[in-house]
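Here is the structure we will look at.
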Amino acid sequence: MTTNNLIAKIWSFCDTLRDDGVSYSDYLEQLTFLLFLKMADEYEKGPQKRKSGIPEKYNWDRISSRSGGKLEAHYVELLRELGKEPGMLGQIFTKAQNKIQDPAKLDRLVKMIDKESWVSMDADIKGDMYEGLLEKNAQDTKSGAGQYFTPRDLITAIVECVRPEPKKTIADPACGTGGFFLSAYDFLTSAYKLDKDEKRFLKEETFAGWEIVASTARMALMNLFLHNIGDINGQPPIRREDALLQKPSDLFDYVLANPPFGKKSSVTITNAEGKEEKEDLLINRNDFWVTTTNKQLNFLQHIVSMLKTTGKAAVVLPDNVLFEGGVGETVRKKLMEKAELHTILRLPTGIFYAHGVKANVLFFDAKPASKDIMTKEVWFYDYRTNISHTLKKSPLKFENLKDFVDCYNPKNRNERKETWSEQNPEGRWRKYTYDEILARDKTSLDIFWLRDENMLDLENLPDPDILALEIIENIESALDSFREVALKIED
C-alpha cells in the first residue's frame, strides 16, 4: 500500500468521527494509542520477540477480541492503567483519555488498524503516513495544532546547512511533534554510509527532546517510534517537561529548535480564596545572562547553555529578539561575545500556521570561554523582502531556500561570497561586521537593505488574497505588541 493510500484510508475515517465532535487532534491521539499497542503486539509475536512491558490483560488480542460497550470500558481502563507504567509506555499514555464516545466507531478504528501489519511495513511508508497526518492536523487552524508544526521544507533547509555528523547528539528543547529529529535522521541515513555501531547510536542515543504539552509529546514519541527511533523498553527520547526550568544536565553537539511563538511566560496559580490568578514566571538561573519573562529570550539563553564548547545551533526566533531593547540588547551582545553568531536567515510571512509571525533562523556555534569577542561578522540572507507565500496557494518549498543553502556554503563556511554589492544592490546575501552591528541603535540585528517593490510599484501589487493575508498578519503582529505594552502598564 502506498503512503498516500494509507493516509487517505486512515484520514477518511476522521470525517465520520468529526460528525460526533471528535477533532483532528483527538482522532490523531487515539490513533497514536492504538497504533502503539498494535505494533508492540507485532514486535512481541514476531522474530524480534521484544517485550513491550504491556500487561497481558491490556495487550492487542484483548482489545481486538472485544466490541461495543465492553470494548469501550476495557479501553478506558487500559488508558488509565498504562499511563502509570514506566519508560516509553507510560510517557505515551500519560493523562490518556478516550475521546471516541461511540463504541461502534471505536470498534471500527480498532479493526482498521488490526488489518495492517505495521512492523513489517517500510519505515519510510509508516513514518511518512504519520507525518502526513500531523501536517493535516496542523492545517486545522481552529485546534491550534499548527503552533507545534514547523514547515518541513524549512527544517530540511536548516538541517542541510548544519549537516549533523554520525555519533553526535542532537537536542530540541521545544520539540513539538519531532520534525527536526526526523529531518536530521533522514540526513544522517542518506548522507553517510553508517556502520552497525553508528546505526545503534542513531536509534538509541542521538536524540533528546523536551515537550511541555502531553498530547504533543506522545505524538512526537509515536512519530519517532514509527521511524525506528527509540526503544520500546528503553528511556524515551522525549521528556514531558518544561526545558526552561532547570539547567541542562547533559550537553549536546547540536541544538535545532523552533521554540513556541508568544513572548510572555506565565504560570497559573490558585490563591487562598480559590481564584485563579496570572503571575509572571521569572526563570531564575545562574547560567542565564539576564532574568526576564520573555519566553523567546529565555529559550535562546537556554539553548546556549545546552551546547558543548564545539556545539552548533540553529533556532527559529521572532523579530522581537533581533530588535528589542533592554534585556533583549543584553542577550544579543552576550550571544555575539560568547558564541559565534555567523548567519541569520530572514523568513517571509505566510509560512507558519500561526498568523502574524515574522521569524528568522539564527545559526551560531558555541566556543570555549575566552576574553575575545567570538563573532567577527554576521551574514544575512533576506528571504522576506518582495517574497510572498501562503499556506495553500503558494507554500514554502525547499527549492525556495536552495539559493540560501548554496550561499550558506555548508561544506566550507569560510568560503562565502556576498551576492550584494554596490553594483548589485538587489543581492539577498550580505555580511555585516561585529563593529557595524554594535554601532546600530540597541545593537539591532533587524537589518534590511533591499527596496520594497510593493512600495514603489503600485501597478504590480500582489494578488488581493495575498494582500489580505499580509494585512491580517500585520494587524495580529501589532495586537501582540499592544498586549505586551498593556501587560507592562499593568505591572
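Chains: A, B, ... in order of the C-alpha cells. Residues: from 1 per chain. Ligands: from 1, in order shown.
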message: Give me the residues near stretch 96-106 of chain A as a PyMOL selection string, where near means some atom within 8 Å (using only C-alpha atoms) and where sequence neighbours in that chain fewer than 5 positions away do not count.
response: chain A and resi 17+22+26-27+30+67-69+71-72+75-76+79-80+83
message: Residues of stretch 120-175 of chain A classed as alpha helix (DSSP H) by DSSP on the backbone are to be reported as a ChimeraX atom specification.
response: /A:123-139,152-162
Could you turn the residues from that selection into a file that holds N, CA and C atoms, as a short mmCIF file (atom, residue, chain, number, x, y, z; two decimals), in the first residue's frame?
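Wrote it out as out-v7.cif, contents follow:
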```cif
data_model
loop_
_atom_site.label_atom_id
_atom_site.label_comp_id
_atom_site.auth_asym_id
_atom_site.auth_seq_id
_atom_site.Cartn_x
_atom_site.Cartn_y
_atom_site.Cartn_z
N ALA A 123 9.80 1.63 7.03
CA ALA A 123 9.80 2.76 7.97
C ALA A 123 9.42 4.06 7.28
N ASP A 124 9.83 4.20 6.01
CA ASP A 124 9.50 5.43 5.28
C ASP A 124 8.00 5.55 5.07
N ILE A 125 7.36 4.42 4.73
CA ILE A 125 5.91 4.46 4.47
C ILE A 125 5.13 4.80 5.73
N LYS A 126 5.40 4.06 6.81
CA LYS A 126 4.62 4.32 8.03
C LYS A 126 5.01 5.66 8.65
N GLY A 127 6.29 6.05 8.51
CA GLY A 127 6.72 7.36 9.01
C GLY A 127 6.10 8.49 8.24
N ASP A 128 6.13 8.37 6.91
CA ASP A 128 5.53 9.41 6.06
C ASP A 128 4.02 9.50 6.28
N MET A 129 3.41 8.34 6.55
CA MET A 129 1.97 8.33 6.84
C MET A 129 1.67 9.21 8.06
N TYR A 130 2.42 8.99 9.12
CA TYR A 130 2.15 9.74 10.35
C TYR A 130 2.50 11.22 10.18
N GLU A 131 3.60 11.48 9.45
CA GLU A 131 3.97 12.86 9.15
C GLU A 131 2.85 13.55 8.37
N GLY A 132 2.27 12.81 7.41
CA GLY A 132 1.18 13.36 6.62
C GLY A 132 -0.03 13.69 7.48
N LEU A 133 -0.31 12.81 8.45
CA LEU A 133 -1.44 13.05 9.37
C LEU A 133 -1.16 14.25 10.26
N LEU A 134 0.09 14.39 10.73
CA LEU A 134 0.45 15.53 11.56
C LEU A 134 0.29 16.84 10.79
N GLU A 135 0.67 16.80 9.51
CA GLU A 135 0.54 18.02 8.71
C GLU A 135 -0.92 18.38 8.48
N LYS A 136 -1.75 17.37 8.22
CA LYS A 136 -3.18 17.61 8.09
C LYS A 136 -3.75 18.21 9.38
N ASN A 137 -3.29 17.68 10.49
CA ASN A 137 -3.74 18.17 11.79
C ASN A 137 -3.33 19.63 11.98
N ALA A 138 -2.12 19.97 11.56
CA ALA A 138 -1.64 21.35 11.69
C ALA A 138 -2.47 22.31 10.86
N GLN A 139 -2.99 21.82 9.74
CA GLN A 139 -3.78 22.67 8.85
C GLN A 139 -5.14 23.03 9.46
N ARG A 152 8.08 21.63 7.05
CA ARG A 152 9.09 20.58 6.85
C ARG A 152 10.20 21.02 5.89
N ASP A 153 9.85 21.80 4.88
CA ASP A 153 10.87 22.22 3.91
C ASP A 153 11.85 23.21 4.53
N LEU A 154 11.36 24.02 5.46
CA LEU A 154 12.26 24.93 6.19
C LEU A 154 13.21 24.10 7.06
N ILE A 155 12.67 23.11 7.77
CA ILE A 155 13.51 22.24 8.60
C ILE A 155 14.57 21.56 7.75
N THR A 156 14.18 21.06 6.57
CA THR A 156 15.14 20.39 5.68
C THR A 156 16.28 21.32 5.31
N ALA A 157 15.96 22.58 4.99
CA ALA A 157 16.99 23.55 4.61
C ALA A 157 17.93 23.82 5.79
N ILE A 158 17.37 23.93 7.00
CA ILE A 158 18.19 24.18 8.20
C ILE A 158 19.15 23.01 8.43
N VAL A 159 18.63 21.79 8.33
CA VAL A 159 19.46 20.60 8.55
C VAL A 159 20.54 20.49 7.46
N GLU A 160 20.19 20.83 6.23
CA GLU A 160 21.18 20.81 5.14
C GLU A 160 22.34 21.76 5.44
N CYS A 161 22.04 22.88 6.10
CA CYS A 161 23.09 23.85 6.46
C CYS A 161 23.94 23.35 7.62
N VAL A 162 23.30 22.80 8.64
CA VAL A 162 24.01 22.37 9.84
C VAL A 162 24.82 21.09 9.58
#
```
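Distances here use only C-alpha atoms; by that measure, the residue among A:Ala171, A:Val304, A:Ile10, A:Ala208 closest to A:Lys115 is A:Ile10.
Distance annotation: of A:Lys334, A:Lys358, A:Lys38, A:Lys392, the residue with the minimal separation from A:Lys371 is A:Lys334; atom set is only C-alpha atoms.
Across A:Lys167, A:Arg239, A:Arg413, A:Phe380, the tightest approach to A:Leu194 is made by A:Lys167 when counting only C-alpha atoms.
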With only C-alpha atoms as the counted atoms, please give the residues lying no more than 9 Å from stretch 440-448 of chain A, apart from itself and same-chain residues fewer than 3 positions off, as a PDB file with C-alpha atoms, in the first residue's frame.
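Result file follows (out_4.pdb):
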```pdb
ATOM      1  CA  ASP A 319      11.731  39.545  15.018  1.00  0.00           C
ATOM      2  CA  ASN A 320      11.466  40.984  18.538  1.00  0.00           C
ATOM      3  CA  VAL A 321      14.564  39.003  19.561  1.00  0.00           C
ATOM      4  CA  LEU A 322      16.518  40.936  16.919  1.00  0.00           C
ATOM      5  CA  PHE A 323      15.500  44.473  17.910  1.00  0.00           C
ATOM      6  CA  GLU A 324      14.018  44.572  21.437  1.00  0.00           C
ATOM      7  CA  GLY A 325      15.875  46.918  23.808  1.00  0.00           C
ATOM      8  CA  GLY A 326      16.829  46.405  27.445  1.00  0.00           C
ATOM      9  CA  GLY A 328      16.989  41.930  24.511  1.00  0.00           C
ATOM     10  CA  GLU A 329      20.026  44.056  23.682  1.00  0.00           C
ATOM     11  CA  THR A 330      21.980  42.446  26.519  1.00  0.00           C
ATOM     12  CA  ARG A 332      22.240  39.899  21.640  1.00  0.00           C
ATOM     13  CA  LYS A 333      25.545  41.360  22.834  1.00  0.00           C
ATOM     14  CA  ILE A 344      20.698  34.939  10.051  1.00  0.00           C
ATOM     15  CA  PHE A 380      22.279  37.882   6.459  1.00  0.00           C
ATOM     16  CA  ASP A 382      16.906  38.350   3.216  1.00  0.00           C
ATOM     17  CA  THR A 385      11.513  41.494   1.146  1.00  0.00           C
ATOM     18  CA  ASP A 435      31.557  46.659  14.843  1.00  0.00           C
ATOM     19  CA  GLU A 436      28.896  47.703  12.301  1.00  0.00           C
ATOM     20  CA  ILE A 437      26.211  45.852  14.275  1.00  0.00           C
ATOM     21  CA  ARG A 451      13.938  48.069  -1.808  1.00  0.00           C
TER      22      ARG A 451
END
```
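In this structure, atom CA of A:Leu182 sits 10.6 Å away from atom CA of A:Phe225.
Across the structure, atom CA of A:Trp449 and atom CA of A:Trp379 are spaced 13.0 Å apart.
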- request: Identify all residues of stretch 241-352 of chain A in strand (DSSP E or B) (DSSP on the backbone) and supply them as a PyMOL selection string.
  value: chain A and resi 252-257+264+266-270+276-280+294+307-318+339-346
Only N, CA and C atoms, please: the residues just picked out, written as a compact mmCIF listing (two decimals), in the first residue's frame.
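So the final result, stored in selection.txt, reads:
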```txt
# COMPACT_ATOMS: atom_id res chain seq x y z
N PHE A 252 25.10 19.02 24.43
CA PHE A 252 24.84 18.39 23.14
C PHE A 252 25.70 18.98 22.03
N ASP A 253 25.86 18.16 20.97
CA ASP A 253 26.64 18.61 19.81
C ASP A 253 25.84 19.56 18.93
N TYR A 254 24.53 19.33 18.84
CA TYR A 254 23.66 20.19 18.02
C TYR A 254 22.37 20.48 18.78
N VAL A 255 21.88 21.71 18.64
CA VAL A 255 20.53 22.04 19.10
C VAL A 255 19.80 22.66 17.92
N LEU A 256 18.70 22.05 17.53
CA LEU A 256 17.85 22.53 16.44
C LEU A 256 16.47 22.77 17.04
N ALA A 257 15.94 23.98 16.90
CA ALA A 257 14.68 24.27 17.61
C ALA A 257 13.89 25.39 16.98
N LYS A 264 5.52 36.02 26.14
CA LYS A 264 5.36 36.09 27.60
C LYS A 264 5.27 34.70 28.22
N SER A 266 4.13 32.69 31.63
CA SER A 266 3.35 32.90 32.85
C SER A 266 2.95 31.55 33.40
N VAL A 267 2.65 31.55 34.68
CA VAL A 267 2.19 30.32 35.32
C VAL A 267 0.86 30.64 36.01
N THR A 268 -0.09 29.71 35.95
CA THR A 268 -1.37 29.91 36.62
C THR A 268 -1.27 29.40 38.05
N ILE A 269 -1.63 30.24 39.03
CA ILE A 269 -1.61 29.83 40.43
C ILE A 269 -3.02 30.00 41.01
N THR A 270 -3.28 29.30 42.08
CA THR A 270 -4.57 29.43 42.77
C THR A 270 -4.33 30.09 44.13
N GLU A 276 -8.24 31.78 40.44
CA GLU A 276 -7.02 31.69 39.65
C GLU A 276 -6.49 33.08 39.33
N GLU A 277 -5.20 33.23 39.48
CA GLU A 277 -4.56 34.50 39.14
C GLU A 277 -3.36 34.22 38.26
N LYS A 278 -3.10 35.13 37.34
CA LYS A 278 -1.92 35.00 36.49
C LYS A 278 -0.75 35.71 37.16
N GLU A 279 0.37 35.02 37.20
CA GLU A 279 1.54 35.61 37.81
C GLU A 279 2.74 35.36 36.91
N ASP A 280 3.58 36.38 36.74
CA ASP A 280 4.76 36.20 35.91
C ASP A 280 5.63 35.09 36.45
N ASN A 294 10.41 37.13 29.09
CA ASN A 294 10.33 36.93 27.64
C ASN A 294 10.75 35.50 27.31
N LEU A 307 24.75 23.64 24.78
CA LEU A 307 25.76 23.26 23.79
C LEU A 307 27.10 22.90 24.41
N LYS A 308 27.74 21.87 23.84
CA LYS A 308 29.14 21.62 24.14
C LYS A 308 29.95 22.80 23.59
N THR A 309 31.20 22.91 24.00
CA THR A 309 32.02 24.04 23.52
C THR A 309 32.28 23.96 22.01
N THR A 310 32.04 22.78 21.42
CA THR A 310 32.16 22.62 19.97
C THR A 310 30.79 22.53 19.31
N GLY A 311 29.71 22.81 20.09
CA GLY A 311 28.35 22.62 19.61
C GLY A 311 27.90 23.67 18.61
N LYS A 312 26.86 23.29 17.84
CA LYS A 312 26.29 24.18 16.84
C LYS A 312 24.78 24.26 17.04
N ALA A 313 24.20 25.44 16.78
CA ALA A 313 22.76 25.61 16.97
C ALA A 313 22.14 26.32 15.78
N ALA A 314 20.88 25.97 15.52
CA ALA A 314 20.05 26.70 14.57
C ALA A 314 18.68 26.82 15.22
N VAL A 315 18.21 28.04 15.40
CA VAL A 315 16.97 28.25 16.15
C VAL A 315 16.10 29.29 15.44
N VAL A 316 14.80 28.98 15.32
CA VAL A 316 13.82 29.89 14.71
C VAL A 316 13.30 30.82 15.80
N LEU A 317 13.45 32.14 15.57
CA LEU A 317 13.03 33.12 16.57
C LEU A 317 12.32 34.29 15.91
N PRO A 318 11.36 34.92 16.61
CA PRO A 318 10.63 36.04 16.02
C PRO A 318 11.47 37.32 15.99
N ALA A 339 29.45 33.39 21.81
CA ALA A 339 29.32 32.41 20.73
C ALA A 339 29.60 33.09 19.40
N GLU A 340 29.75 32.28 18.37
CA GLU A 340 29.92 32.86 17.03
C GLU A 340 28.57 32.85 16.31
N LEU A 341 27.89 33.99 16.35
CA LEU A 341 26.65 34.16 15.59
C LEU A 341 27.06 34.48 14.17
N HIS A 342 26.93 33.51 13.27
CA HIS A 342 27.51 33.71 11.94
C HIS A 342 26.48 33.91 10.82
N THR A 343 25.22 33.49 11.05
CA THR A 343 24.25 33.56 9.95
C THR A 343 22.85 33.84 10.48
N ILE A 344 22.12 34.70 9.75
CA ILE A 344 20.70 34.94 10.05
C ILE A 344 19.92 34.86 8.75
N LEU A 345 18.92 33.98 8.73
CA LEU A 345 18.01 33.87 7.59
C LEU A 345 16.72 34.59 7.94
N ARG A 346 16.39 35.65 7.17
CA ARG A 346 15.14 36.38 7.41
C ARG A 346 14.01 35.70 6.64
```
statement: Using only C-alpha atoms, the shortest atom-to-atom distance to A:Leu245 among A:Ile212, A:Leu221, A:Leu34, A:Leu335 belongs to A:Ile212
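Across A:Glu81, A:Glu211, A:Glu29, A:Glu44, the tightest approach to A:Asn258 is made by A:Glu211 when counting only C-alpha atoms.
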field: Residue neighbourhood stretch 197-207 of chain A, 12 Å, only C-alpha atoms, exclusion window fewer than 6 positions, as number ranges by chain
entry: A: 164-173, 175, 178-189, 220-221, 224-239, 250-256
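Atom pair atom CA of A:Glu415 / atom CA of A:Ser370: separated by 24.9 Å.
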Neighbour list for A:Ser394 as a list of chain:residue names, cut-off 10 Å, only C-alpha atoms, skip fewer than 5 positions in-chain: A:Gly350, A:Ile351, A:Ser388, A:His389, A:Ile466
